[in-house]
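**Q** What follows is final12.txt, compact mmCIF, C-alpha atoms.
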```
# COMPACT_ATOMS: atom_id res chain seq x y z
CA MET A 1 16.11 -6.55 32.90
CA THR A 2 12.92 -8.31 31.82
CA LEU A 3 10.17 -7.45 29.37
CA GLN A 4 7.75 -7.40 32.29
CA GLN A 5 9.87 -4.81 34.08
CA LEU A 6 9.98 -2.66 30.93
CA GLU A 7 6.22 -2.92 30.57
CA TYR A 8 5.68 -1.87 34.20
CA PHE A 9 8.18 0.96 33.82
CA LEU A 10 6.41 2.36 30.74
CA ALA A 11 2.99 2.08 32.39
CA ALA A 12 4.24 4.03 35.40
CA LEU A 13 5.87 6.61 33.15
CA GLU A 14 2.67 7.12 31.15
CA GLU A 15 0.27 7.11 34.09
CA GLY A 16 2.36 9.28 36.41
CA SER A 17 1.86 7.04 39.44
CA PHE A 18 2.42 3.45 40.48
CA SER A 19 -1.16 3.04 41.63
CA ALA A 20 -2.63 4.18 38.30
CA ALA A 21 -0.16 1.98 36.38
CA ALA A 22 -1.05 -1.02 38.54
CA GLU A 23 -4.75 -0.39 38.02
CA ARG A 24 -4.26 -0.20 34.23
CA LEU A 25 -2.37 -3.50 34.23
CA HIS A 26 -4.75 -5.14 36.73
CA LEU A 27 -1.96 -5.67 39.27
CA ALA A 28 -1.41 -5.07 42.93
CA GLN A 29 0.60 -1.87 43.37
CA PRO A 30 3.34 -3.47 45.55
CA SER A 31 4.08 -6.01 42.78
CA LEU A 32 4.54 -3.29 40.18
CA SER A 33 6.60 -1.08 42.51
CA GLU A 34 8.88 -3.99 43.41
CA GLN A 35 9.63 -4.78 39.75
CA VAL A 36 10.44 -1.14 39.03
CA ARG A 37 12.77 -1.06 42.06
CA ARG A 38 14.56 -4.18 40.81
CA LEU A 39 15.01 -2.54 37.42
CA GLU A 40 16.45 0.58 39.04
CA ALA A 41 18.81 -1.57 41.10
CA GLU A 42 20.08 -3.33 37.99
CA LEU A 43 20.57 -0.05 36.13
CA GLY A 44 22.21 1.64 39.12
CA LEU A 45 20.13 4.81 38.77
CA PRO A 46 16.68 5.86 39.93
CA LEU A 47 14.06 6.03 37.20
CA PHE A 48 11.50 7.98 39.22
CA ALA A 49 11.62 10.56 41.97
CA ARG A 50 8.83 9.96 44.49
CA VAL A 51 6.87 13.20 44.87
CA GLY A 52 4.00 12.91 47.34
CA ARG A 53 1.64 10.30 45.99
CA GLY A 54 3.01 10.65 42.52
CA ILE A 55 6.24 10.05 40.69
CA LYS A 56 8.39 12.18 38.45
CA PRO A 57 10.58 10.57 35.74
CA THR A 58 14.31 11.18 35.95
CA ALA A 59 16.74 11.78 33.08
CA ALA A 60 17.50 8.05 33.20
CA ALA A 61 13.82 7.27 32.63
CA HIS A 62 13.69 9.53 29.58
CA ALA A 63 16.84 7.87 28.24
CA LEU A 64 15.41 4.38 28.76
CA ARG A 65 11.96 5.08 27.34
CA PRO A 66 12.64 4.76 23.55
CA HIS A 67 14.61 1.56 24.07
CA ALA A 68 11.90 0.05 26.25
CA GLU A 69 9.27 0.96 23.68
CA ALA A 70 11.36 -0.51 20.87
CA ALA A 71 11.92 -3.76 22.79
CA LEU A 72 8.23 -4.24 23.52
CA ALA A 73 7.29 -3.30 19.95
CA ALA A 74 9.73 -5.88 18.59
CA VAL A 75 8.21 -8.56 20.81
CA HIS A 76 4.72 -7.53 19.72
CA ASP A 77 5.72 -7.65 16.04
CA GLY A 78 7.31 -11.06 16.47
CA ARG A 79 4.22 -12.43 18.18
CA GLU A 80 1.99 -10.84 15.55
CA ALA A 81 4.03 -12.33 12.71
CA VAL A 82 3.48 -15.82 14.10
CA VAL A 83 -0.21 -15.20 14.81
CA GLN A 84 -0.74 -13.89 11.28
CA GLN A 85 0.63 -17.09 9.83
CA ARG A 86 -2.00 -18.96 11.78
CA GLU A 87 -4.94 -16.65 11.18
CA LEU A 88 -5.48 -16.95 7.42
CA GLN A 89 -8.73 -18.68 8.23
CA GLY A 90 -11.14 -16.08 6.90
CA GLY A 91 -11.46 -12.62 5.43
CA ILE A 92 -10.59 -11.61 1.91
CA ALA A 93 -7.46 -11.14 -0.20
CA THR A 94 -7.89 -8.16 -2.53
CA PHE A 95 -5.23 -7.76 -5.18
CA GLY A 96 -4.81 -5.50 -8.20
CA THR A 97 -3.79 -6.79 -11.60
CA PHE A 98 -3.88 -5.91 -15.30
CA GLY A 99 -6.65 -7.06 -17.63
CA SER A 100 -4.64 -9.63 -19.61
CA ALA A 101 -3.45 -11.34 -16.41
CA ARG A 102 -5.99 -14.08 -17.07
CA TRP A 103 -3.80 -15.22 -19.97
CA TYR A 104 -0.85 -15.47 -17.62
CA PRO A 105 -0.98 -17.80 -14.60
CA GLY A 106 -3.81 -15.68 -13.15
CA THR A 107 -6.21 -18.57 -12.65
CA GLN A 108 -3.36 -20.76 -11.43
CA ILE A 109 -2.45 -18.13 -8.83
CA VAL A 110 -6.01 -17.99 -7.52
CA ALA A 111 -6.34 -21.78 -7.51
CA ALA A 112 -3.03 -22.23 -5.65
CA PHE A 113 -3.91 -19.56 -3.10
CA ARG A 114 -7.35 -21.06 -2.45
CA LYS A 115 -5.81 -24.51 -2.07
CA ARG A 116 -3.55 -23.20 0.68
CA HIS A 117 -6.21 -20.99 2.28
CA PRO A 118 -9.67 -22.28 1.34
CA LYS A 119 -11.46 -20.02 3.82
CA VAL A 120 -10.00 -16.78 2.45
CA ARG A 121 -12.03 -15.15 -0.32
CA VAL A 122 -10.23 -13.58 -3.30
CA ARG A 123 -10.96 -10.43 -5.30
CA LEU A 124 -8.85 -9.51 -8.34
CA ILE A 125 -9.36 -5.90 -9.37
CA GLY A 126 -8.13 -3.90 -12.33
CA GLN A 127 -8.10 -3.63 -16.10
CA ASN A 128 -4.77 -1.90 -16.67
CA SER A 129 -1.48 -1.46 -14.79
CA SER A 130 -1.81 2.34 -14.60
CA GLU A 131 -5.25 1.95 -13.01
CA VAL A 132 -3.90 -0.51 -10.43
CA ALA A 133 -0.95 1.77 -9.62
CA ALA A 134 -3.32 4.70 -8.98
CA ALA A 135 -5.52 2.55 -6.72
CA VAL A 136 -2.53 1.30 -4.68
CA ARG A 137 -1.18 4.84 -4.39
CA ALA A 138 -4.56 6.06 -3.13
CA GLY A 139 -4.78 3.25 -0.57
CA ASP A 140 -7.79 1.61 -2.25
CA LEU A 141 -5.67 -1.50 -2.88
CA GLU A 142 -2.88 -2.91 -0.72
CA ALA A 143 -0.79 -4.31 -3.54
CA GLY A 144 -0.83 -5.37 -7.16
CA LEU A 145 0.94 -7.12 -10.00
CA ILE A 146 1.54 -4.70 -12.87
CA ALA A 147 3.52 -4.21 -16.07
CA LEU A 148 6.16 -1.49 -16.18
CA PRO A 149 6.63 1.38 -16.78
CA ILE A 150 4.17 3.14 -14.48
CA ASP A 151 4.24 6.31 -12.40
CA ASP A 152 5.95 5.00 -9.25
CA THR A 153 5.34 8.07 -7.08
CA GLY A 154 4.73 6.87 -3.51
CA LEU A 155 5.12 3.22 -4.49
CA GLU A 156 7.56 0.43 -3.77
CA VAL A 157 8.21 -1.45 -7.02
CA ARG A 158 9.75 -4.93 -7.14
CA PRO A 159 10.27 -6.35 -10.66
CA ILE A 160 10.00 -10.13 -10.86
CA VAL A 161 9.89 -11.39 -14.47
CA GLN A 162 10.04 -10.26 -18.10
CA ASP A 163 8.03 -11.43 -21.09
CA GLU A 164 8.99 -10.71 -24.69
CA ILE A 165 6.54 -8.86 -26.95
CA VAL A 166 6.10 -10.22 -30.48
CA TYR A 167 4.48 -8.88 -33.65
CA ILE A 168 1.34 -10.61 -35.02
CA SER A 169 0.03 -10.52 -38.59
CA ALA A 170 -2.02 -12.54 -41.06
CA GLU A 171 0.17 -11.20 -43.88
CA PRO A 172 3.13 -13.57 -44.49
CA ALA A 173 5.40 -10.84 -45.85
CA ARG A 174 5.12 -8.84 -42.63
CA VAL A 175 6.26 -11.75 -40.45
CA ALA A 176 9.01 -13.00 -42.74
CA ARG A 177 11.71 -11.51 -40.54
CA PRO A 178 12.05 -9.82 -37.12
CA VAL A 179 10.24 -6.50 -37.14
CA THR A 180 11.89 -3.12 -36.63
CA ILE A 181 10.38 -0.06 -35.02
CA GLN A 182 10.40 1.52 -38.50
CA ALA A 183 8.33 -1.36 -39.89
CA LEU A 184 5.98 -1.12 -36.91
CA ALA A 185 5.40 2.57 -37.57
CA ALA A 186 4.51 1.79 -41.21
CA ALA A 187 2.18 -1.13 -40.38
CA PRO A 188 -1.63 -1.03 -40.07
CA LEU A 189 -1.83 -1.45 -36.30
CA ILE A 190 -4.63 -2.76 -34.09
CA LEU A 191 -3.94 -1.91 -30.46
CA PRO A 192 -5.86 -2.92 -27.32
CA ASP A 193 -6.38 -0.91 -24.12
CA THR A 194 -7.92 2.02 -25.95
CA SER A 195 -9.44 3.50 -22.78
CA PHE A 196 -6.01 3.89 -21.20
CA GLY A 197 -4.06 5.08 -24.24
CA LEU A 198 -0.52 6.02 -23.37
CA GLU A 199 -1.13 5.17 -19.72
CA ASP A 200 -0.94 1.52 -20.83
CA PRO A 201 2.67 0.41 -20.14
CA THR A 202 3.12 -1.55 -23.38
CA ARG A 203 1.81 1.29 -25.53
CA ARG A 204 3.89 3.78 -23.61
CA GLN A 205 7.05 1.75 -24.16
CA LEU A 206 6.43 1.36 -27.90
CA PHE A 207 5.46 4.98 -28.45
CA GLU A 208 8.60 6.15 -26.64
CA LEU A 209 10.75 3.87 -28.82
CA ALA A 210 9.13 5.31 -31.95
CA GLN A 211 9.57 8.84 -30.67
CA ARG A 212 13.30 8.29 -30.08
CA ALA A 213 13.55 7.08 -33.68
CA GLY A 214 11.73 10.18 -34.92
CA LEU A 215 8.62 8.16 -35.82
CA THR A 216 4.95 8.22 -34.90
CA LEU A 217 2.72 5.24 -34.16
CA GLU A 218 -0.84 5.79 -35.33
CA PRO A 219 -3.06 2.71 -34.86
CA GLU A 220 -5.77 2.24 -37.47
CA ILE A 221 -8.01 0.35 -35.06
CA GLU A 222 -8.16 0.59 -31.27
CA VAL A 223 -10.09 -1.84 -29.10
CA GLU A 224 -10.42 -2.64 -25.43
CA ASP A 225 -9.28 -6.26 -25.17
CA LEU A 226 -6.61 -8.43 -26.73
CA GLU A 227 -9.00 -11.12 -27.94
CA THR A 228 -10.80 -8.60 -30.14
CA ALA A 229 -7.47 -7.37 -31.50
CA LEU A 230 -6.45 -10.95 -32.39
CA ASP A 231 -9.78 -11.64 -34.07
CA LEU A 232 -9.52 -8.49 -36.19
CA ALA A 233 -5.91 -9.30 -37.08
CA ALA A 234 -6.97 -12.81 -38.15
CA ARG A 235 -9.51 -11.16 -40.49
CA GLY A 236 -6.67 -9.28 -42.13
CA LEU A 237 -7.75 -5.85 -40.89
CA GLY A 238 -4.35 -5.03 -39.39
CA ASP A 239 -1.51 -6.29 -37.24
CA THR A 240 -1.19 -6.37 -33.47
CA LEU A 241 1.21 -7.18 -30.65
CA ILE A 242 1.17 -9.87 -28.02
CA ALA A 243 3.40 -11.13 -25.23
CA ARG A 244 4.87 -14.62 -25.59
CA GLY A 245 3.45 -15.68 -22.26
CA ILE A 246 -0.06 -15.03 -23.58
CA LEU A 247 0.72 -16.96 -26.79
CA LEU A 248 1.88 -19.83 -24.61
CA SER A 249 -1.33 -19.69 -22.61
CA LEU A 250 -3.59 -19.47 -25.68
CA GLY A 251 -1.88 -22.35 -27.47
CA ARG A 252 -4.07 -23.69 -30.27
CA ARG A 253 -6.67 -21.03 -29.66
CA VAL A 254 -4.50 -18.57 -31.61
CA PRO A 255 -6.12 -18.33 -35.08
CA LYS A 256 -4.10 -20.33 -37.62
CA ARG A 257 -4.16 -17.42 -40.05
CA LEU A 258 -1.87 -15.47 -37.73
CA GLY A 259 1.90 -15.62 -37.66
CA TRP A 260 4.36 -13.88 -35.36
CA VAL A 261 7.96 -12.76 -35.14
CA PRO A 262 10.05 -11.09 -32.44
CA PHE A 263 11.31 -7.53 -32.72
CA ALA A 264 14.74 -7.06 -34.26
CA GLU A 265 15.73 -5.38 -31.01
CA PRO A 266 13.78 -7.37 -28.39
CA ILE A 267 11.08 -5.54 -26.45
CA TYR A 268 9.84 -6.85 -23.12
CA ASP A 269 6.98 -6.38 -20.73
CA THR A 270 8.46 -6.28 -17.23
CA PHE A 271 6.12 -7.39 -14.47
CA ALA A 272 6.46 -6.14 -10.92
CA PHE A 273 4.76 -6.15 -7.55
CA ILE A 274 3.78 -2.78 -6.14
CA ASN A 275 2.58 -1.54 -2.77
CA ARG A 276 2.49 1.83 -1.05
CA ARG A 277 5.91 2.91 0.13
CA GLY A 278 6.36 2.07 3.82
CA ALA A 279 2.99 0.33 4.09
CA ARG A 280 2.65 -2.82 6.15
CA LEU A 281 0.89 -5.51 4.10
CA SER A 282 -1.77 -7.77 5.53
CA PRO A 283 -0.99 -11.50 5.82
CA ALA A 284 -3.41 -12.27 2.97
CA ALA A 285 -1.74 -9.76 0.63
CA ARG A 286 1.74 -11.04 1.47
CA GLU A 287 0.69 -14.64 0.93
CA PHE A 288 -0.98 -13.81 -2.38
CA MET A 289 2.25 -12.17 -3.55
CA VAL A 290 4.24 -15.29 -2.59
CA VAL A 291 1.90 -17.51 -4.62
CA ALA A 292 1.86 -15.08 -7.55
CA GLU A 293 5.66 -14.88 -7.65
CA ASP A 294 5.94 -18.68 -7.63
CA ARG A 295 3.61 -18.99 -10.62
CA MET A 296 5.08 -16.08 -12.59
CA THR A 297 8.60 -17.41 -12.04
CA ALA A 298 7.51 -20.83 -13.30
CA MET A 299 6.06 -19.18 -16.41
CA ALA A 300 9.31 -17.29 -17.01
CA GLN A 301 11.25 -20.53 -16.75
CA GLU A 302 8.96 -22.17 -19.31
CA LEU A 303 9.45 -19.23 -21.67
CA ARG A 304 13.23 -19.51 -21.29
CA THR A 305 13.11 -23.16 -22.33
CA THR A 306 10.93 -22.29 -25.35
CA PRO A 307 13.11 -19.89 -27.38
CA PRO A 308 11.48 -17.19 -29.55
CA ARG A 309 10.77 -18.48 -33.04
CA ARG A 310 9.29 -17.24 -36.26
CA HIS A 311 5.79 -18.56 -36.91
CA ARG A 312 4.31 -18.19 -40.37
CA PRO A 313 0.56 -17.75 -40.94
CA GLY A 314 -1.17 -21.09 -41.39
CA ALA A 315 1.80 -23.08 -40.08
```
Can the structure in the file be given as structure tokens, please?
**A**
Amino acid sequence: MTLQQLEYFLAALEEGSFSAAAERLHLAQPSLSEQVRRLEAELGLPLFARVGRGIKPTAAAHALRPHAEAALAAVHDGREAVVQQRELQGGIATFGTFGSARWYPGTQIVAAFRKRHPKVRVRLIGQNSSEVAAAVRAGDLEAGLIALPIDDTGLEVRPIVQDEIVYISAEPARVARPVTIQALAAAPLILPDTSFGLEDPTRRQLFELAQRAGLTLEPEIEVEDLETALDLAARGLGDTLIARGILLSLGRRVPKRLGWVPFAEPIYDTFAFINRRGARLSPAAREFMVVAEDRMTAMAQELRTTPPRRHRPGA
């Protein structure tokens, strides 16, 4: 049994005659008929009953059909997988991500991807994880890198790394020791992602923790981006939160007036890849995810080798 014989068999089955199948495959009819006869001889059963100028499939043909289709599909997929590895020579990689991704290895991911595939353009879309999840679910984006939790309806979610959230303040007394959820609820808070509110995964996680403790978080100032929140905190207008990976990225750009401590019970942002459940990703999207995972894993390793520490304002 050969793939060619299976292809000829399926063409005859679909066309209803050897002549029509041969015409579709640009073959001489005797060649196609001979291959089908050889297949029947190997199987020991007729696949078609000859009726006038046409053919009628037998029970054996109906039994063989799904297996023949599966075999040819597997060969096609295998060939396509190899071709796709070769064809990242143009087009565009569109990927969803959250707004603060630029403080993570976002630029490194883009640079590494472009180094591997200089002819593929890149578009990073998204301001918040909930927005990206909605776009992937709707089919507007193939895949994305988001922070959990999100509504995962219709999505495949693959967590990759965690990053610890720390508490930031210009007031030394408020960063003298690890902060509790009770202290957080009593603090003058400045929170980013105001447009997304509780759809923002970090906010959602913190508000749920406060709710379980019978507390309410009521920020005094809400802004769109983290840089604004840090600037306001440095002016002493309130305290904010930041992930350690972003602190690592900012380095000396963090205002010296600010200090930070971890939470008494550690709180983490968990980052994950998402795509529509059952969807087949394009080669560009798959390759972008490979590069992104490499860079995010490297960041996580660096964070593990730099243990959380207390940092006092002005230190």
**Q** Calculate how many Å separate CA of Phe95 (chain A) from CA of Glu208 (chain A), rounding to one decimal.
**A**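 CA of Glu208 (chain A) lies at a distance of 29.1 Å from CA of Phe95 (chain A).
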**Q** How many Å lie between CA of Gln35 (chain A) and CA of Leu10 (chain A), rounded to one decimal?
**A** 11.9 Å
**Q** So which one's closest to Leu250 (chain A), A:Asp152, A:Glu227, A:Glu80, A:Asp163? Using all atoms listed in the file, please.
**A** A:Glu227
**Q** Could you tell me how far CA of Phe98 (chain A) sits from CA of Leu281 (chain A), in Å to one decimal place?
**A**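 Between these atoms lies a distance of 20.0 Å.
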**Q** Pick from A:Ala173, A:Leu226, A:Ile221, A:Val179: nearest to Pro192 (chain A), with all atoms listed in the file counted?
**A**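 When distances to Pro192 (chain A) are compared using all atoms listed in the file, the smallest one comes from A:Leu226.
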**Q** Measuring atom to atom with all atoms listed in the file, identify which of A:Leu237, A:Ala284, A:Ala213, A:Leu206 is nearest to Leu189 (chain A).
**A**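 Closest residue, counting all atoms listed in the file: A:Leu237.
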**Q** Calculated over all atoms listed in the file, which of the candidates A:Glu199, A:Thr270, A:Arg38, A:Thr305 has the smallest distance to Thr2 (chain A)?
**A**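 Comparing A:Glu199, A:Thr270, A:Arg38, A:Thr305 against Thr2 (chain A), the winner is A:Arg38.
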**Q** In terms of the shortest atom-to-atom distance over all atoms listed in the file, which of A:Leu72, A:Ala21, A:Leu247, A:Ala143 is closest to Ala292 (chain A)?
**A**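 Among the listed residues, A:Ala143 lies closest to Ala292 (chain A).
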**Q** Skip Ala134 (chain A) itself and residues of its chain fewer than 3 positions away, then list as a short mmCIF file (atom, residue, chain, number, x, y, z; two decimals) with C-alpha atoms, in the frame of the given file all residues within 12 Å of it, counting only C-alpha atoms.
**A**
```
data_model
loop_
_atom_site.label_atom_id
_atom_site.label_comp_id
_atom_site.auth_asym_id
_atom_site.auth_seq_id
_atom_site.Cartn_x
_atom_site.Cartn_y
_atom_site.Cartn_z
CA GLY A 96 -4.81 -5.50 -8.20
CA THR A 97 -3.79 -6.79 -11.60
CA GLY A 126 -8.13 -3.90 -12.33
CA GLN A 127 -8.10 -3.63 -16.10
CA ASN A 128 -4.77 -1.90 -16.67
CA SER A 129 -1.48 -1.46 -14.79
CA SER A 130 -1.81 2.34 -14.60
CA GLU A 131 -5.25 1.95 -13.01
CA ARG A 137 -1.18 4.84 -4.39
CA ALA A 138 -4.56 6.06 -3.13
CA GLY A 139 -4.78 3.25 -0.57
CA ASP A 140 -7.79 1.61 -2.25
CA LEU A 141 -5.67 -1.50 -2.88
CA GLU A 142 -2.88 -2.91 -0.72
CA ALA A 143 -0.79 -4.31 -3.54
CA GLY A 144 -0.83 -5.37 -7.16
CA ILE A 146 1.54 -4.70 -12.87
CA ILE A 150 4.17 3.14 -14.48
CA ASP A 151 4.24 6.31 -12.40
CA ASP A 152 5.95 5.00 -9.25
CA THR A 153 5.34 8.07 -7.08
CA GLY A 154 4.73 6.87 -3.51
CA LEU A 155 5.12 3.22 -4.49
CA GLU A 199 -1.13 5.17 -19.72
CA ILE A 274 3.78 -2.78 -6.14
CA ASN A 275 2.58 -1.54 -2.77
CA ARG A 276 2.49 1.83 -1.05
#
```
**Q** Name the closest residue to Arg212 (chain A) among the candidates A:Gln108, A:Gln4, A:Thr228, A:Gln182; distances are taken between atoms, counting all atoms listed in the file.
**A**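 When distances to Arg212 (chain A) are compared using all atoms listed in the file, the smallest one comes from A:Gln182.
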**Q** If we count all atoms listed in the file, what is near Ser169 (chain A) at a cut-off of 9 Å, once residues fewer than 2 positions away on the same chain are taken out, given as a VMD selection string?
**A** chain A and resid 167 171 to 172 174 to 175 230 233 to 234 236 238 to 241 257 to 261 312 to 313
